[in-house]
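**Student:** Before we start, here is the structure in question, set down as structure tokens.
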Amino acid sequence: MTLLGITLLGPLGLLALLGIPILVLLYVLKVRYRDEEVGSTFLWSQLPRDISAHQPWQKPRLSVLLLIQAALVVALALALARPFAANLAGEQQYAVVVLDGSASMLATDVTPNRFAAAVDLARAKVAALPDGSSGTLILAGPQPTILAAEANGRDLASALEKAQPVAGRSDLSAALRLALALAQGRAGGQIHVLSDGAFDAPAIGTASVPVELTLVGMTASGAEPRGTSNRAIVAIETRPEPRNRRDHQTFVRVRNFDTAASSVTVTLSVDGALHDGRTITIDPDGSADLVFTGIPADARVVAARLAESDDLRSDDVAWTVVERRQPTQILLVTHGNIFLERVLTLLPDVEVARIQPRRLPAVDLGQFDVIVMDNYVPDVLPDQPLLLVNLPDSQLLPVSETVRHRLLLDWDYDDPLARFVDLTDVRVNRAGRVAVPGWARVVASGSDTTGGSSADVPLILAGEVGGRRIVAFAFDLQQSNLPLSASFPILMANAVGYLQPPRALDTRVTSAGSALTVAPHPQADRIVLVGEGGVRRAITPESRTVTLDAPMVPGIFEIQQYARDQLIGVEQFAVNLTSPEASDIRPRTNDLGIDTPTSPIPGLPAGRHLWPWLIALAIGGLVFEWWWYHRRA
Amino acid sequence: MGNTAGDRRSQRRGQSMQFADHRSYVAGDDPRQVDWNIYGRSGQLFVKQFEDEQVLTVHLLVDVSRSMDWGEPNKLDCARQIAAALGHVALASHDRVFCTAIDSRTGATCGPVWGRESAATLTGMLQRLSATSASDLDAALAAFSAQTRLPGLVCLMSDLLDPGWERGLRRLVARRHDVVLLHVLAPSECNPPIGDDVRFVDRETGRAIEIHLDAVAIEQYAERFAAWTGEIEQFCQRHRVAYFRVQSDVRLESLLFDSLRRRGVLR
């Protein structure tokens, strides 16, 4: 229904105009009054007329209040009719704007940088949308992020103001697929991609909505206005020196993305102090590896920097955080097992203490990370992770019988304990038959070589019960040839590695937006991610591991753990842009390679909804009525 | 203020032994009245003035319009009690008492009566008073003024709920009466309670006014009431009329021995 160029989307709302006669009726209707005799109405008759009541069925006086209330009813009825003022600007559109947020968008070959230029272009496209149009803004990062969904032009512009690129690669293909899913089938649907072209063409064949790629900083032909210049640190790592484990060495790889050879000065700082510096010449599109030695063992943060400026600053610096791990303390409780003692001693970064089982109650177990028990299980199990060898019958792992046949081993190749382990030639002469509890998994089992028994015998079990990890060997090592196998030290290393408490951080160097796994301290009730700008995120740990997204900008960050507001642990990690793909800021494509229609599905006429204004008018009228009534009083 | 000497002091100066004031000597004054003591001290002639003690004529005017026969306590009952009390005091003081009922004209009349033995006559007359017609103070007081030859003390007990109150009072003042106005109102006329939708029916005219008796209406009424009573008080002040606003639930002894005595109406 169209009236004076205004379309009423809900004309039934005009039925509310029936409220006007009802309102007038209320003014006209007789009101029941209680008769009361008074000495005289001399004074009452001199009061203002509007507090005196109407005579029954009298003609309603044209009062301001009646006019205001009638106007309110009209405004509300019109609002319910959802008036829509169409204009000549065209049809409503639904635009999905995909903003490339990769690190290459930080290149400064365009002032101030490519990302800011892309934001300006996106803002112009949003501003050009007809009234009543809506859109969605997607930032293409490692994962696509929706910054504004089904928003109007103002909200889209606001989201564009807050958009920030990520210091890493972007998956433009995933962002485009998301955009297509959102825009497909929508009236007026269209997709605008704003990028510098530094991406690989997505493998999307056809699309049902127009997809327009706008290259930032490129000429109309897709060529660069000027050649880009970038050299980047694409790899960095610090590790103990092989010959002198007290010192560390840092490996740095620098790559030249220019089309001409470049001279590069690389400086290395240790905990903020300059440690070394070298100048090298790198061929076009080539790389150079540098090894800096003499890094003190107590160093914390090692930073490599390129002295010369180029078009992308984010990859001119990279950090590593040196992890200082304490040796794993293992307590071996045994009557004597030469195989166990020797293999544990051979494991790297492990210190082994050996005691007799009878002395176990006198030992402070809190200082040990892993406890190995050979042919012994105490009544009360310690809280530490346990490696049980030749386990006797116990409540934890009941042993029903002793299998006295030669057993061939079969194992789960995918189990972490069996990694790089080959047990093909291992034989077990005697083993206890363990009833596998629900918390345990069978890593290796034995089958009877004589054919005397058809059931497999669980020989190596692993699992987690009561908050502790347990690995159990159900046979005596001396009753098998496993200790003589080359896989034995590997298997034991895997077992100790499985039992070791998890590190507070799974990695010390990561890339922007990557998943970061934190193992909270048992007492920690708050984990805080802190960067240069202060606290970036705070979470409450609810499980043994917590996964965070690494920050989107390069730098050194800290994971702080608190227990009752007391700091109980600080772990540093670095976020680097050490990605050759991200540092290659040269355009690789100027075409998305998608077959798209040239025009979108027609949308609704563009225009403006008028009901919010009518509601505002009604509210204003109510306020005026209130003021008018009290002013008279 | 009477035509016969008595023991009621008048506001006029007269021949009694009760000294009242001094004034400057003018030619023709009785030389016996000159205060020679002041002359000896100041050299100026002053004449002593004495209060005129006369038999006072007291007019008790009771408004018996139908608006007076209303209220809790009833305004007419209150006016009757006040009139009776004032009448007793006057009779005990050997004053001459007239009592007249007024509504739209003058009605029942009693008097003149003298002496304590006439109190029963006065009381009987007051008890027989009843409200019968509408109020027209102007007409009633005009009629009273025409009937009364000599000025005296006029005690008017009325609710003044009549637009002619001002003209009526002017007539009394013009006849040189000493006027005491006892403005009798019911408590609910002074402070009406908040209520719902009410149709007020006028006892005198039968006219009805429908009012939504909310706080706004009460507030407006209070403003109008204050303006009306203020107007009456100002009129009385200008014309030397002793004004007393009396709520019908007033304690009579408080009115007589506190308010009226303090203002010199009673001694």
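Letters A, B, ... mark the chains of the structure tokens in the order given; residue numbers begin at 1 per chain; ligand numbers begin at 1, in order shown.
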Counting only C-alpha atoms, which residues from chain B have an atom at most 9 Å from any atom of chain A, and could you show them as a PyMOL selection string?

**Tutor:** chain B and resi 66-71+161-163+189+196-214+216-217+219-221+224-225+228

**Student:** May I ask which of the residues B:Ala215, B:Leu185, B:Val180, B:Ala143 is the closest one to Arg263 in chain B, counting only C-alpha atoms?

**Tutor:**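 Counting only C-alpha atoms, the residue closest to Arg263 in chain B is B:Val180.
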
**Student:** So that I can check the secondary structure, give me every residue of range 356-568 of chain A assigned helix (DSSP H, G or I) by backbone DSSP, as a PyMOL selection string.

**Tutor:** chain A and resi 357-362+365-367+416-418+477-479+482-484+487-499

**Student:** Work out how far CA of Ile585 in chain A is from CA of Ala163 in chain A, in Å to one decimal.

**Tutor:**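 Computed distance, CA of Ala163 in chain A to CA of Ile585 in chain A, equals 20.0 Å.
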
**Student:** Please provide as a VMD selection string all residues within 8 Å of Asp29 in chain B, with the sequence filter that same-chain residues fewer than 4 positions apart are discarded (counting only C-alpha atoms).

**Tutor:** chain B and resid 25 33 47

**Student:** With all heavy atoms retained, export the selected residues as a tab-separated table (two decimals), in the first residue's frame.

**Tutor:**
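What follows is the written file out-v5.tsv:
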chain	number	residue	atom	x	y	z
B	25	TYR	N	-4.68	70.47	74.44
B	25	TYR	CA	-5.80	71.36	74.79
B	25	TYR	C	-6.18	72.22	73.59
B	25	TYR	O	-5.30	72.69	72.86
B	25	TYR	CB	-5.39	72.26	75.97
B	25	TYR	CG	-6.42	73.30	76.32
B	25	TYR	CD1	-7.51	72.94	77.16
B	25	TYR	CD2	-6.33	74.61	75.86
B	25	TYR	CE1	-8.46	73.90	77.48
B	25	TYR	CE2	-7.29	75.56	76.19
B	25	TYR	CZ	-8.37	75.20	77.00
B	25	TYR	OH	-9.32	76.15	77.31
B	33	GLN	N	-10.56	69.65	83.06
B	33	GLN	CA	-9.94	68.42	82.55
B	33	GLN	C	-8.46	68.61	82.23
B	33	GLN	O	-7.79	67.64	81.83
B	33	GLN	CB	-10.66	67.96	81.27
B	33	GLN	CG	-12.14	67.76	81.44
B	33	GLN	CD	-12.47	66.70	82.47
B	33	GLN	OE1	-11.68	65.81	82.73
B	33	GLN	NE2	-13.64	66.82	83.11
B	47	VAL	N	-5.16	67.78	77.94
B	47	VAL	CA	-6.46	67.49	78.54
B	47	VAL	C	-6.54	65.99	78.79
B	47	VAL	O	-6.18	65.18	77.93
B	47	VAL	CB	-7.59	67.94	77.60
B	47	VAL	CG1	-8.95	67.56	78.19
B	47	VAL	CG2	-7.52	69.43	77.38

**Student:** Excluding same-chain residues fewer than 4 positions from Leu139 in chain A, what lies within 10 Å of it counting only C-alpha atoms, as a ChimeraX atom specification?

**Tutor:** /A:97-102,143-148,160,163-166,170-172,175,194

**Student:** Can you tell me which residues surround Thr540 in chain A at a distance of at most 12 Å, considering only C-alpha atoms, apart from same-chain residues fewer than 5 positions away, and format the answer as a count of residues only?

**Tutor:** 19

**Student:** Leaving out His22 in chain B and any residue of its chain fewer than 4 positions from it, which residues lie within 9 Å of it when counting only C-alpha atoms, given as a PDB file with all heavy atoms, in the first residue's frame?

**Tutor:**
ATOM      1  N   ASP B  35      -4.613  68.659  82.675  1.00  0.00           N
ATOM      2  CA  ASP B  35      -3.690  67.971  83.595  1.00  0.00           C
ATOM      3  C   ASP B  35      -2.610  68.966  83.990  1.00  0.00           C
ATOM      4  O   ASP B  35      -1.676  69.247  83.237  1.00  0.00           O
ATOM      5  CB  ASP B  35      -3.087  66.740  82.902  1.00  0.00           C
ATOM      6  CG  ASP B  35      -2.344  65.855  83.885  1.00  0.00           C
ATOM      7  OD1 ASP B  35      -1.798  66.378  84.880  1.00  0.00           O
ATOM      8  OD2 ASP B  35      -2.307  64.613  83.652  1.00  0.00           O
ATOM      9  N   PHE B  46      -2.360  69.883  78.356  1.00  0.00           N
ATOM     10  CA  PHE B  46      -2.938  68.624  77.895  1.00  0.00           C
ATOM     11  C   PHE B  46      -4.226  68.373  78.645  1.00  0.00           C
ATOM     12  O   PHE B  46      -4.347  68.692  79.823  1.00  0.00           O
ATOM     13  CB  PHE B  46      -1.973  67.447  78.150  1.00  0.00           C
ATOM     14  CG  PHE B  46      -0.824  67.414  77.167  1.00  0.00           C
ATOM     15  CD1 PHE B  46       0.370  68.048  77.448  1.00  0.00           C
ATOM     16  CD2 PHE B  46      -0.973  66.760  75.950  1.00  0.00           C
ATOM     17  CE1 PHE B  46       1.408  68.030  76.546  1.00  0.00           C
ATOM     18  CE2 PHE B  46       0.077  66.745  75.056  1.00  0.00           C
ATOM     19  CZ  PHE B  46       1.275  67.377  75.334  1.00  0.00           C
ATOM     20  N   VAL B  47      -5.159  67.777  77.936  1.00  0.00           N
ATOM     21  CA  VAL B  47      -6.459  67.491  78.542  1.00  0.00           C
ATOM     22  C   VAL B  47      -6.542  65.991  78.791  1.00  0.00           C
ATOM     23  O   VAL B  47      -6.182  65.178  77.928  1.00  0.00           O
ATOM     24  CB  VAL B  47      -7.587  67.935  77.596  1.00  0.00           C
ATOM     25  CG1 VAL B  47      -8.949  67.564  78.189  1.00  0.00           C
ATOM     26  CG2 VAL B  47      -7.515  69.430  77.381  1.00  0.00           C
ATOM     27  N   LYS B  48      -6.992  65.583  79.964  1.00  0.00           N
ATOM     28  CA  LYS B  48      -7.171  64.168  80.287  1.00  0.00           C
ATOM     29  C   LYS B  48      -8.469  63.696  79.659  1.00  0.00           C
ATOM     30  O   LYS B  48      -9.465  64.396  79.671  1.00  0.00           O
ATOM     31  CB  LYS B  48      -7.216  63.962  81.803  1.00  0.00           C
ATOM     32  CG  LYS B  48      -5.853  64.072  82.453  1.00  0.00           C
ATOM     33  CD  LYS B  48      -5.884  63.610  83.879  1.00  0.00           C
ATOM     34  CE  LYS B  48      -6.450  64.726  84.753  1.00  0.00           C
ATOM     35  NZ  LYS B  48      -6.314  64.427  86.216  1.00  0.00           N
ATOM     36  N   GLN B  49      -8.434  62.482  79.115  1.00  0.00           N
ATOM     37  CA  GLN B  49      -9.628  61.892  78.531  1.00  0.00           C
ATOM     38  C   GLN B  49     -10.032  60.678  79.356  1.00  0.00           C
ATOM     39  O   GLN B  49      -9.164  59.928  79.848  1.00  0.00           O
ATOM     40  CB  GLN B  49      -9.366  61.442  77.091  1.00  0.00           C
ATOM     41  CG  GLN B  49      -9.229  62.614  76.138  1.00  0.00           C
ATOM     42  CD  GLN B  49      -9.143  62.131  74.701  1.00  0.00           C
ATOM     43  OE1 GLN B  49      -8.274  61.348  74.375  1.00  0.00           O
ATOM     44  NE2 GLN B  49     -10.040  62.626  73.874  1.00  0.00           N
ATOM     45  N   PHE B  50     -11.328  60.454  79.492  1.00  0.00           N
ATOM     46  CA  PHE B  50     -11.843  59.331  80.271  1.00  0.00           C
ATOM     47  C   PHE B  50     -12.757  58.489  79.403  1.00  0.00           C
ATOM     48  O   PHE B  50     -13.369  58.977  78.457  1.00  0.00           O
ATOM     49  CB  PHE B  50     -12.603  59.865  81.503  1.00  0.00           C
ATOM     50  CG  PHE B  50     -11.729  60.643  82.422  1.00  0.00           C
ATOM     51  CD1 PHE B  50     -11.563  62.018  82.273  1.00  0.00           C
ATOM     52  CD2 PHE B  50     -11.040  59.985  83.444  1.00  0.00           C
ATOM     53  CE1 PHE B  50     -10.742  62.732  83.124  1.00  0.00           C
ATOM     54  CE2 PHE B  50     -10.228  60.728  84.293  1.00  0.00           C
ATOM     55  CZ  PHE B  50     -10.070  62.097  84.146  1.00  0.00           C
TER      56      PHE B  50
END

**Student:** Can you work out which one of A:Pro240, A:Gly366, A:Gly205, A:Pro11 has the shortest atom-to-atom distance to Pro83 in chain A, counting only C-alpha atoms?

**Tutor:**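 Of the candidates, the smallest distance to Pro83 in chain A is held by A:Pro11.
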
**Student:** Quick check for you: according to DSSP on this backbone, which residues of range 143-181 of chain B are classed as strand (DSSP E or B)? Reply as a list in words.

**Tutor:** Leu153, Val154, Cys155, Leu156, Met157, Ser158, Asp178, Val179, Val180 and Leu181 of chain B

**Student:** Choose the residue, out of B:Arg96, B:Leu86, B:Arg41, B:His177, that has the smallest atom-to-atom separation from Arg149 in chain B; count only C-alpha atoms.

**Tutor:**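 Checking each of B:Arg96, B:Leu86, B:Arg41, B:His177 against Arg149 in chain B, counting only C-alpha atoms, the winner is B:His177.
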
**Student:** For CA of Val352 in chain A and CA of Val570 in chain A, determine how far apart the two atoms are, in Å to one decimal place.

**Tutor:**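 CA of Val570 in chain A lies 27.5 Å from CA of Val352 in chain A.
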
**Student:** Extract, using only C-alpha atoms, all DNA, RNA and protein residues at most 7 Å from Ala462 in chain A, discarding same-chain residues fewer than 6 positions from it, and format them as a compact mmCIF listing (two decimals) with N, CA and C atoms, in the first residue's frame.

**Tutor:**
# COMPACT_ATOMS: atom_id res chain seq x y z
N ALA A 440 42.33 -47.15 31.62
CA ALA A 440 43.60 -47.50 30.97
C ALA A 440 43.36 -47.93 29.53
N ARG A 441 44.36 -47.73 28.72
CA ARG A 441 44.34 -48.23 27.34
C ARG A 441 45.50 -49.20 27.19
N VAL A 442 45.37 -50.13 26.27
CA VAL A 442 46.43 -51.13 26.06
C VAL A 442 47.34 -50.61 24.96
N VAL A 443 48.59 -50.40 25.31
CA VAL A 443 49.58 -49.92 24.34
C VAL A 443 50.17 -51.12 23.60
N ILE A 470 49.58 -42.87 34.52
CA ILE A 470 50.19 -44.14 34.92
C ILE A 470 50.55 -44.93 33.67
N VAL A 471 51.76 -45.46 33.65
CA VAL A 471 52.17 -46.44 32.63
C VAL A 471 52.54 -47.71 33.37
N ALA A 472 52.02 -48.83 32.93
CA ALA A 472 52.25 -50.09 33.65
C ALA A 472 52.79 -51.15 32.69
